[in-house]
Amino acid sequence: MKTIRWSIPLAIFVVLVAFLWIGLGRDPREVPSPLIDKPAPSFTLPQIHSDKPLSTTELKGKVWLLNVWASWCVSCREEHPLLLQLAQANLVPVYGLDYKDKPDDARAWLSQNGDPYTASIVDQDGRVGIDYGVYGVPETFVIDRSGIVRYKQIGPLSVDALQRKILPLVRELQK
Amino acid sequence: MIPASRFARGIGFAMSAAFCLVASATKMDIPSDVFDGRLKRLESELRCLVCQNQTLADSNASLAEDLRGEVRELASAGKSDDEIRAYLVARYGDFVLYDPPLKRTTWLLWLGPFALLAGGGALWWTILRRRELAARSLPAPNPGAEARGRALLEGIDDRDKQPDPK
């Protein structure tokens with residue numbers, strides 16, 4: 001009887017602390033995407049380096065990454081070396097979605113910092129960004145052969161995210 | 001003289017033209033106030049994803065601006081409030097709604113407070129009940145002791161009642 005008396009409040013306290021502790025470790029800015037396991041929104045957008053527009057139908061049948069970036073985006077610089085490495089390793093094609101940006105600025109940025117993209121498309125008014133639920137640049141989507149979104153990285157890519165999640169997933173999807 | 005059929009056609013044309021004018025006029029009239037009010041109400045039910053504790057209506061973020069434009073466009077295309085909400089939820093998830101729907105992932109959010117209230121009430125009730133039981137199980141008062149106590153109290157009373165000094 002005596003033990004019950006103090007063990008119940010103690011148990012409640014421990015549970016509360018556990019919840020708060022987990023809450024502290026989570027990033028409130030990371031909103032899970034409802035697009036996961038749903039078809040990637042289709043688009044046809046002008047390319048930065050070519051006059052021909054690029055459409056999602058051309059990307060069917062291969063696993064690809066969509067990296068949302070902009071020349072005005074500061075944390076895009078942070079992930080840029082990783083993207084360059086990824087491009088060099090030639091593991092998976094990375095398409096760059098230049099979000100709410102001027103094509104001239106984007107071209108200058110890419111020639112200055114290096115261009116990791118298989119192709120770059122411009123979403124000047126941010127419409128395609130809205131379709132993809134983009135709310136913070138950079139964001140990276142993993143899209144499978146049949147055009148289904150399999151993963152979304154919110155914020156800059158990290159070595160950890162690439163090695164633990166994205167690359168294993170890409171390998172799995174490419175099998 | 002104009003043949004009757006031609007006359008009728010002319011009248012018909014005039015009437016449909018007049019109707020179109022009226023229709024377009026009313027269509028122009030309705031929006032401004034009512035439409036803006038509806039947009040305002042919708043926007044204040046939706047969350048800005050960038051500055052998460054602001055509504056779309058309050059936020060100055062460029063994404064919020066774009067989304068306001070999107071909401072306005074959908075509304076002028078004749079979409080209902082529910083359709084507009086569904087459009088945003090499909091892209092940004094339930095998080096865009098300030099009033100999240102009740103479903104499997106949110107039942108704890110909705111029912112948790114009531115469960116806590118019920119749990120607290122039950123605990124309170126048990127404690128009260130236990131106290132009541134404990135009070136009831138006290139040993140029955142001893143008549144002799146009660147009489148002695150009363151006598152003692154009266155004695156004190158007597159001592160208090162001192163004769164008036166005259």
# chains A, B, ... in the order shown; residues from 1 in each chain; ligands from 1

call {"tool": "interface_residues", "arguments": {"of": "chain B", "to": "chain A", "cutoff": "10 Å", "atoms": "only C-alpha atoms", "output": "PyMOL selection string"}}
result
chain B and resi 48-52+62-64+66-67+70+87-96

call {"tool": "write_last_selection", "arguments": {"atoms": "N, CA and C atoms", "output": "tab-separated table (two decimals), in the first residue's frame"}}
result
chain	number	residue	atom	x	y	z
B	48	CYS	N	0.89	29.06	-41.58
B	48	CYS	CA	2.03	29.34	-42.44
B	48	CYS	C	3.13	28.37	-42.06
B	49	LEU	N	3.65	27.65	-43.07
B	49	LEU	CA	4.62	26.59	-42.80
B	49	LEU	C	5.98	27.14	-42.40
B	50	VAL	N	6.26	28.38	-42.79
B	50	VAL	CA	7.59	28.94	-42.55
B	50	VAL	C	7.68	29.49	-41.12
B	51	CYS	N	6.69	30.32	-40.77
B	51	CYS	CA	6.68	30.87	-39.40
B	51	CYS	C	5.54	30.17	-38.71
B	52	GLN	N	5.86	29.04	-38.08
B	52	GLN	CA	4.83	28.05	-37.77
B	52	GLN	C	3.73	28.50	-36.82
B	62	SER	N	7.24	34.85	-47.76
B	62	SER	CA	6.92	34.85	-49.19
B	62	SER	C	6.10	33.63	-49.56
B	63	LEU	N	6.32	32.52	-48.83
B	63	LEU	CA	5.51	31.33	-49.11
B	63	LEU	C	4.05	31.59	-48.73
B	64	ALA	N	3.85	32.29	-47.61
B	64	ALA	CA	2.49	32.60	-47.18
B	64	ALA	C	1.80	33.47	-48.22
B	66	ASP	N	2.47	33.47	-51.43
B	66	ASP	CA	2.15	32.59	-52.56
B	66	ASP	C	0.91	31.76	-52.26
B	67	LEU	N	0.85	31.25	-51.01
B	67	LEU	CA	-0.28	30.38	-50.67
B	67	LEU	C	-1.58	31.17	-50.60
B	70	GLU	N	-2.67	31.40	-54.00
B	70	GLU	CA	-3.21	30.11	-54.42
B	70	GLU	C	-4.64	29.94	-53.92
B	87	TYR	N	-6.79	20.67	-50.79
B	87	TYR	CA	-5.68	20.98	-51.70
B	87	TYR	C	-4.40	21.24	-50.91
B	88	LEU	N	-4.53	22.01	-49.84
B	88	LEU	CA	-3.34	22.34	-49.05
B	88	LEU	C	-2.89	21.15	-48.20
B	89	VAL	N	-3.85	20.39	-47.67
B	89	VAL	CA	-3.49	19.24	-46.86
B	89	VAL	C	-2.75	18.20	-47.71
B	90	ALA	N	-3.16	18.05	-48.97
B	90	ALA	CA	-2.50	17.09	-49.85
B	90	ALA	C	-1.03	17.45	-50.05
B	91	ARG	N	-0.71	18.73	-49.94
B	91	ARG	CA	0.67	19.16	-50.17
B	91	ARG	C	1.47	19.31	-48.89
B	92	TYR	N	0.83	19.83	-47.84
B	92	TYR	CA	1.59	20.14	-46.63
B	92	TYR	C	1.19	19.30	-45.42
B	93	GLY	N	0.17	18.46	-45.55
B	93	GLY	CA	-0.24	17.62	-44.43
B	93	GLY	C	-1.19	18.35	-43.50
B	94	ASP	N	-1.71	17.61	-42.52
B	94	ASP	CA	-2.70	18.17	-41.59
B	94	ASP	C	-2.15	19.35	-40.82
B	95	PHE	N	-0.84	19.47	-40.79
B	95	PHE	CA	-0.20	20.54	-40.03
B	95	PHE	C	-0.64	21.93	-40.49
B	96	VAL	N	-1.07	22.07	-41.74
B	96	VAL	CA	-1.51	23.39	-42.20
B	96	VAL	C	-2.82	23.80	-41.57

call {"tool": "select_by_dssp", "arguments": {"residues": "region 26-84 of chain A", "states": "strand (DSSP E or B)", "output": "PyMOL selection string"}}
result
chain A and resi 39+44-45+47+54-55+64-69

call {"tool": "write_last_selection", "arguments": {"atoms": "N, CA and C atoms", "output": "PDB file, in the first residue's frame"}}
result
ATOM      1  N   PRO A  39       2.314   9.504 -55.722  1.00  0.00           N
ATOM      2  CA  PRO A  39       2.973   9.901 -56.973  1.00  0.00           C
ATOM      3  C   PRO A  39       3.549  11.322 -56.879  1.00  0.00           C
ATOM      4  N   THR A  44       6.199  20.366 -66.012  1.00  0.00           N
ATOM      5  CA  THR A  44       6.971  20.616 -67.224  1.00  0.00           C
ATOM      6  C   THR A  44       7.528  22.015 -67.046  1.00  0.00           C
ATOM      7  N   LEU A  45       8.854  22.108 -66.892  1.00  0.00           N
ATOM      8  CA  LEU A  45       9.464  23.390 -66.549  1.00  0.00           C
ATOM      9  C   LEU A  45      10.641  23.687 -67.463  1.00  0.00           C
ATOM     10  N   GLN A  47      14.364  24.600 -68.581  1.00  0.00           N
ATOM     11  CA  GLN A  47      15.655  24.237 -68.009  1.00  0.00           C
ATOM     12  C   GLN A  47      16.585  25.445 -68.008  1.00  0.00           C
ATOM     13  N   LEU A  54      11.793  20.464 -69.403  1.00  0.00           N
ATOM     14  CA  LEU A  54      11.913  19.100 -68.878  1.00  0.00           C
ATOM     15  C   LEU A  54      10.593  18.729 -68.215  1.00  0.00           C
ATOM     16  N   SER A  55      10.164  17.505 -68.506  1.00  0.00           N
ATOM     17  CA  SER A  55       8.892  17.066 -67.939  1.00  0.00           C
ATOM     18  C   SER A  55       9.097  15.794 -67.133  1.00  0.00           C
ATOM     19  N   TRP A  64      15.444   8.798 -59.226  1.00  0.00           N
ATOM     20  CA  TRP A  64      16.109  10.102 -59.297  1.00  0.00           C
ATOM     21  C   TRP A  64      15.875  10.918 -58.029  1.00  0.00           C
ATOM     22  N   LEU A  65      16.761  11.861 -57.809  1.00  0.00           N
ATOM     23  CA  LEU A  65      16.601  12.771 -56.680  1.00  0.00           C
ATOM     24  C   LEU A  65      16.177  14.132 -57.208  1.00  0.00           C
ATOM     25  N   LEU A  66      15.289  14.774 -56.480  1.00  0.00           N
ATOM     26  CA  LEU A  66      14.922  16.149 -56.808  1.00  0.00           C
ATOM     27  C   LEU A  66      15.425  17.016 -55.668  1.00  0.00           C
ATOM     28  N   ASN A  67      16.387  17.880 -55.988  1.00  0.00           N
ATOM     29  CA  ASN A  67      16.952  18.753 -54.970  1.00  0.00           C
ATOM     30  C   ASN A  67      16.429  20.172 -55.200  1.00  0.00           C
ATOM     31  N   VAL A  68      15.700  20.681 -54.204  1.00  0.00           N
ATOM     32  CA  VAL A  68      15.135  22.024 -54.320  1.00  0.00           C
ATOM     33  C   VAL A  68      16.142  23.009 -53.737  1.00  0.00           C
ATOM     34  N   TRP A  69      16.535  23.971 -54.521  1.00  0.00           N
ATOM     35  CA  TRP A  69      17.564  24.909 -54.075  1.00  0.00           C
ATOM     36  C   TRP A  69      17.297  26.286 -54.672  1.00  0.00           C
TER      37      TRP A  69
END

call {"tool": "select_by_dssp", "arguments": {"residues": "chain A", "states": "alpha helix (DSSP H)", "output": "MDAnalysis selection string"}}
result
chainID A and resid 2:25 75:89 103:113 127:131 159:161 167:174

call {"tool": "atom_distance", "arguments": {"atom1": "CA of Ser44 (chain B)", "atom2": "CA of Tyr98 (chain B)"}}
result
8.5 Å

call {"tool": "decode", "arguments": {"residues": "region 77-125 of chain A", "atoms": "N, CA and C atoms", "output": "PDB file, in the first residue's frame"}}
result
ATOM      1  N   ARG A  77      24.362  26.268 -49.597  1.00  0.00           N
ATOM      2  CA  ARG A  77      25.827  26.239 -49.716  1.00  0.00           C
ATOM      3  C   ARG A  77      26.411  25.137 -48.856  1.00  0.00           C
ATOM      4  N   GLU A  78      25.721  24.893 -47.737  1.00  0.00           N
ATOM      5  CA  GLU A  78      26.190  23.897 -46.782  1.00  0.00           C
ATOM      6  C   GLU A  78      26.172  22.498 -47.386  1.00  0.00           C
ATOM      7  N   GLU A  79      25.107  22.190 -48.143  1.00  0.00           N
ATOM      8  CA  GLU A  79      24.977  20.834 -48.684  1.00  0.00           C
ATOM      9  C   GLU A  79      25.634  20.700 -50.052  1.00  0.00           C
ATOM     10  N   HIS A  80      26.065  21.831 -50.615  1.00  0.00           N
ATOM     11  CA  HIS A  80      26.535  21.796 -51.991  1.00  0.00           C
ATOM     12  C   HIS A  80      27.729  20.864 -52.226  1.00  0.00           C
ATOM     13  N   PRO A  81      28.757  20.875 -51.354  1.00  0.00           N
ATOM     14  CA  PRO A  81      29.882  19.963 -51.566  1.00  0.00           C
ATOM     15  C   PRO A  81      29.432  18.503 -51.609  1.00  0.00           C
ATOM     16  N   LEU A  82      28.454  18.151 -50.784  1.00  0.00           N
ATOM     17  CA  LEU A  82      27.953  16.778 -50.767  1.00  0.00           C
ATOM     18  C   LEU A  82      27.283  16.428 -52.080  1.00  0.00           C
ATOM     19  N   LEU A  83      26.536  17.391 -52.627  1.00  0.00           N
ATOM     20  CA  LEU A  83      25.877  17.156 -53.909  1.00  0.00           C
ATOM     21  C   LEU A  83      26.900  16.961 -55.013  1.00  0.00           C
ATOM     22  N   LEU A  84      27.979  17.756 -54.942  1.00  0.00           N
ATOM     23  CA  LEU A  84      29.040  17.619 -55.951  1.00  0.00           C
ATOM     24  C   LEU A  84      29.677  16.229 -55.864  1.00  0.00           C
ATOM     25  N   GLN A  85      29.918  15.787 -54.619  1.00  0.00           N
ATOM     26  CA  GLN A  85      30.483  14.444 -54.430  1.00  0.00           C
ATOM     27  C   GLN A  85      29.546  13.373 -54.955  1.00  0.00           C
ATOM     28  N   LEU A  86      28.275  13.567 -54.669  1.00  0.00           N
ATOM     29  CA  LEU A  86      27.260  12.607 -55.096  1.00  0.00           C
ATOM     30  C   LEU A  86      27.231  12.525 -56.623  1.00  0.00           C
ATOM     31  N   ALA A  87      27.353  13.686 -57.260  1.00  0.00           N
ATOM     32  CA  ALA A  87      27.341  13.729 -58.723  1.00  0.00           C
ATOM     33  C   ALA A  87      28.561  13.003 -59.275  1.00  0.00           C
ATOM     34  N   GLN A  88      29.706  13.193 -58.583  1.00  0.00           N
ATOM     35  CA  GLN A  88      30.942  12.567 -59.047  1.00  0.00           C
ATOM     36  C   GLN A  88      30.867  11.046 -58.917  1.00  0.00           C
ATOM     37  N   ALA A  89      30.247  10.593 -57.824  1.00  0.00           N
ATOM     38  CA  ALA A  89      30.121   9.156 -57.604  1.00  0.00           C
ATOM     39  C   ALA A  89      29.174   8.525 -58.614  1.00  0.00           C
ATOM     40  N   ASN A  90      28.339   9.346 -59.232  1.00  0.00           N
ATOM     41  CA  ASN A  90      27.455   8.880 -60.304  1.00  0.00           C
ATOM     42  C   ASN A  90      26.550   7.726 -59.875  1.00  0.00           C
ATOM     43  N   LEU A  91      26.001   7.855 -58.672  1.00  0.00           N
ATOM     44  CA  LEU A  91      25.153   6.778 -58.147  1.00  0.00           C
ATOM     45  C   LEU A  91      23.704   6.946 -58.578  1.00  0.00           C
ATOM     46  N   VAL A  92      23.289   8.197 -58.652  1.00  0.00           N
ATOM     47  CA  VAL A  92      21.886   8.460 -58.950  1.00  0.00           C
ATOM     48  C   VAL A  92      21.791   9.852 -59.580  1.00  0.00           C
ATOM     49  N   PRO A  93      20.963  10.031 -60.600  1.00  0.00           N
ATOM     50  CA  PRO A  93      20.842  11.367 -61.184  1.00  0.00           C
ATOM     51  C   PRO A  93      20.136  12.337 -60.223  1.00  0.00           C
ATOM     52  N   VAL A  94      20.715  13.528 -60.102  1.00  0.00           N
ATOM     53  CA  VAL A  94      20.114  14.536 -59.233  1.00  0.00           C
ATOM     54  C   VAL A  94      19.599  15.668 -60.109  1.00  0.00           C
ATOM     55  N   TYR A  95      18.304  15.940 -60.004  1.00  0.00           N
ATOM     56  CA  TYR A  95      17.723  17.056 -60.744  1.00  0.00           C
ATOM     57  C   TYR A  95      17.545  18.227 -59.792  1.00  0.00           C
ATOM     58  N   GLY A  96      17.973  19.382 -60.227  1.00  0.00           N
ATOM     59  CA  GLY A  96      17.889  20.563 -59.376  1.00  0.00           C
ATOM     60  C   GLY A  96      16.655  21.370 -59.721  1.00  0.00           C
ATOM     61  N   LEU A  97      15.853  21.667 -58.702  1.00  0.00           N
ATOM     62  CA  LEU A  97      14.704  22.547 -58.913  1.00  0.00           C
ATOM     63  C   LEU A  97      15.069  23.908 -58.334  1.00  0.00           C
ATOM     64  N   ASP A  98      15.305  24.838 -59.198  1.00  0.00           N
ATOM     65  CA  ASP A  98      15.713  26.175 -58.780  1.00  0.00           C
ATOM     66  C   ASP A  98      14.446  26.936 -58.400  1.00  0.00           C
ATOM     67  N   TYR A  99      14.265  27.114 -57.080  1.00  0.00           N
ATOM     68  CA  TYR A  99      12.979  27.546 -56.536  1.00  0.00           C
ATOM     69  C   TYR A  99      12.922  29.061 -56.338  1.00  0.00           C
ATOM     70  N   LYS A 100      11.962  29.689 -56.965  1.00  0.00           N
ATOM     71  CA  LYS A 100      11.728  31.127 -56.822  1.00  0.00           C
ATOM     72  C   LYS A 100      13.023  31.932 -56.965  1.00  0.00           C
ATOM     73  N   ASP A 101      13.605  31.782 -58.111  1.00  0.00           N
ATOM     74  CA  ASP A 101      14.930  32.341 -58.338  1.00  0.00           C
ATOM     75  C   ASP A 101      14.982  32.903 -59.758  1.00  0.00           C
ATOM     76  N   LYS A 102      15.943  33.797 -59.989  1.00  0.00           N
ATOM     77  CA  LYS A 102      16.113  34.286 -61.354  1.00  0.00           C
ATOM     78  C   LYS A 102      17.086  33.365 -62.071  1.00  0.00           C
ATOM     79  N   PRO A 103      16.751  32.920 -63.285  1.00  0.00           N
ATOM     80  CA  PRO A 103      17.630  31.989 -64.005  1.00  0.00           C
ATOM     81  C   PRO A 103      19.059  32.520 -64.129  1.00  0.00           C
ATOM     82  N   ASP A 104      19.212  33.818 -64.299  1.00  0.00           N
ATOM     83  CA  ASP A 104      20.562  34.382 -64.436  1.00  0.00           C
ATOM     84  C   ASP A 104      21.362  34.214 -63.149  1.00  0.00           C
ATOM     85  N   ASP A 105      20.702  34.487 -62.012  1.00  0.00           N
ATOM     86  CA  ASP A 105      21.369  34.309 -60.718  1.00  0.00           C
ATOM     87  C   ASP A 105      21.756  32.847 -60.526  1.00  0.00           C
ATOM     88  N   ALA A 106      20.827  31.970 -60.899  1.00  0.00           N
ATOM     89  CA  ALA A 106      21.070  30.536 -60.726  1.00  0.00           C
ATOM     90  C   ALA A 106      22.262  30.092 -61.561  1.00  0.00           C
ATOM     91  N   ARG A 107      22.305  30.555 -62.831  1.00  0.00           N
ATOM     92  CA  ARG A 107      23.417  30.191 -63.718  1.00  0.00           C
ATOM     93  C   ARG A 107      24.747  30.661 -63.127  1.00  0.00           C
ATOM     94  N   ALA A 108      24.756  31.901 -62.624  1.00  0.00           N
ATOM     95  CA  ALA A 108      25.987  32.455 -62.047  1.00  0.00           C
ATOM     96  C   ALA A 108      26.414  31.639 -60.832  1.00  0.00           C
ATOM     97  N   TRP A 109      25.448  31.300 -60.015  1.00  0.00           N
ATOM     98  CA  TRP A 109      25.729  30.544 -58.788  1.00  0.00           C
ATOM     99  C   TRP A 109      26.332  29.194 -59.125  1.00  0.00           C
ATOM    100  N   LEU A 110      25.736  28.530 -60.128  1.00  0.00           N
ATOM    101  CA  LEU A 110      26.213  27.195 -60.496  1.00  0.00           C
ATOM    102  C   LEU A 110      27.607  27.245 -61.103  1.00  0.00           C
ATOM    103  N   SER A 111      27.875  28.293 -61.899  1.00  0.00           N
ATOM    104  CA  SER A 111      29.212  28.323 -62.514  1.00  0.00           C
ATOM    105  C   SER A 111      30.260  28.684 -61.473  1.00  0.00           C
ATOM    106  N   GLN A 112      29.833  29.363 -60.421  1.00  0.00           N
ATOM    107  CA  GLN A 112      30.787  29.723 -59.367  1.00  0.00           C
ATOM    108  C   GLN A 112      31.037  28.559 -58.411  1.00  0.00           C
ATOM    109  N   ASN A 113      29.971  27.847 -58.045  1.00  0.00           N
ATOM    110  CA  ASN A 113      30.095  26.824 -57.007  1.00  0.00           C
ATOM    111  C   ASN A 113      30.177  25.405 -57.538  1.00  0.00           C
ATOM    112  N   GLY A 114      30.001  25.246 -58.837  1.00  0.00           N
ATOM    113  CA  GLY A 114      30.002  23.893 -59.395  1.00  0.00           C
ATOM    114  C   GLY A 114      28.571  23.416 -59.584  1.00  0.00           C
ATOM    115  N   ASP A 115      28.376  22.658 -60.675  1.00  0.00           N
ATOM    116  CA  ASP A 115      27.018  22.223 -61.004  1.00  0.00           C
ATOM    117  C   ASP A 115      26.893  20.713 -60.835  1.00  0.00           C
ATOM    118  N   PRO A 116      26.197  20.267 -59.781  1.00  0.00           N
ATOM    119  CA  PRO A 116      26.079  18.832 -59.535  1.00  0.00           C
ATOM    120  C   PRO A 116      24.887  18.202 -60.257  1.00  0.00           C
ATOM    121  N   TYR A 117      24.101  19.014 -60.973  1.00  0.00           N
ATOM    122  CA  TYR A 117      22.808  18.517 -61.430  1.00  0.00           C
ATOM    123  C   TYR A 117      22.857  17.898 -62.819  1.00  0.00           C
ATOM    124  N   THR A 118      22.150  16.786 -62.960  1.00  0.00           N
ATOM    125  CA  THR A 118      21.963  16.156 -64.259  1.00  0.00           C
ATOM    126  C   THR A 118      21.231  17.147 -65.168  1.00  0.00           C
ATOM    127  N   ALA A 119      20.263  17.818 -64.614  1.00  0.00           N
ATOM    128  CA  ALA A 119      19.590  18.915 -65.308  1.00  0.00           C
ATOM    129  C   ALA A 119      19.015  19.846 -64.254  1.00  0.00           C
ATOM    130  N   SER A 120      18.934  21.130 -64.601  1.00  0.00           N
ATOM    131  CA  SER A 120      18.372  22.106 -63.664  1.00  0.00           C
ATOM    132  C   SER A 120      17.127  22.708 -64.273  1.00  0.00           C
ATOM    133  N   ILE A 121      16.080  22.756 -63.477  1.00  0.00           N
ATOM    134  CA  ILE A 121      14.842  23.357 -63.959  1.00  0.00           C
ATOM    135  C   ILE A 121      14.499  24.548 -63.082  1.00  0.00           C
ATOM    136  N   VAL A 122      13.780  25.490 -63.665  1.00  0.00           N
ATOM    137  CA  VAL A 122      13.470  26.725 -62.927  1.00  0.00           C
ATOM    138  C   VAL A 122      11.984  26.790 -62.602  1.00  0.00           C
ATOM    139  N   ASP A 123      11.719  26.998 -61.326  1.00  0.00           N
ATOM    140  CA  ASP A 123      10.342  27.180 -60.862  1.00  0.00           C
ATOM    141  C   ASP A 123      10.249  28.608 -60.355  1.00  0.00           C
ATOM    142  N   GLN A 124      10.109  29.527 -61.299  1.00  0.00           N
ATOM    143  CA  GLN A 124      10.260  30.928 -60.942  1.00  0.00           C
ATOM    144  C   GLN A 124       9.147  31.444 -60.024  1.00  0.00           C
ATOM    145  N   ASP A 125       7.907  30.992 -60.271  1.00  0.00           N
ATOM    146  CA  ASP A 125       6.819  31.496 -59.429  1.00  0.00           C
ATOM    147  C   ASP A 125       6.526  30.591 -58.237  1.00  0.00           C
TER     148      ASP A 125
END
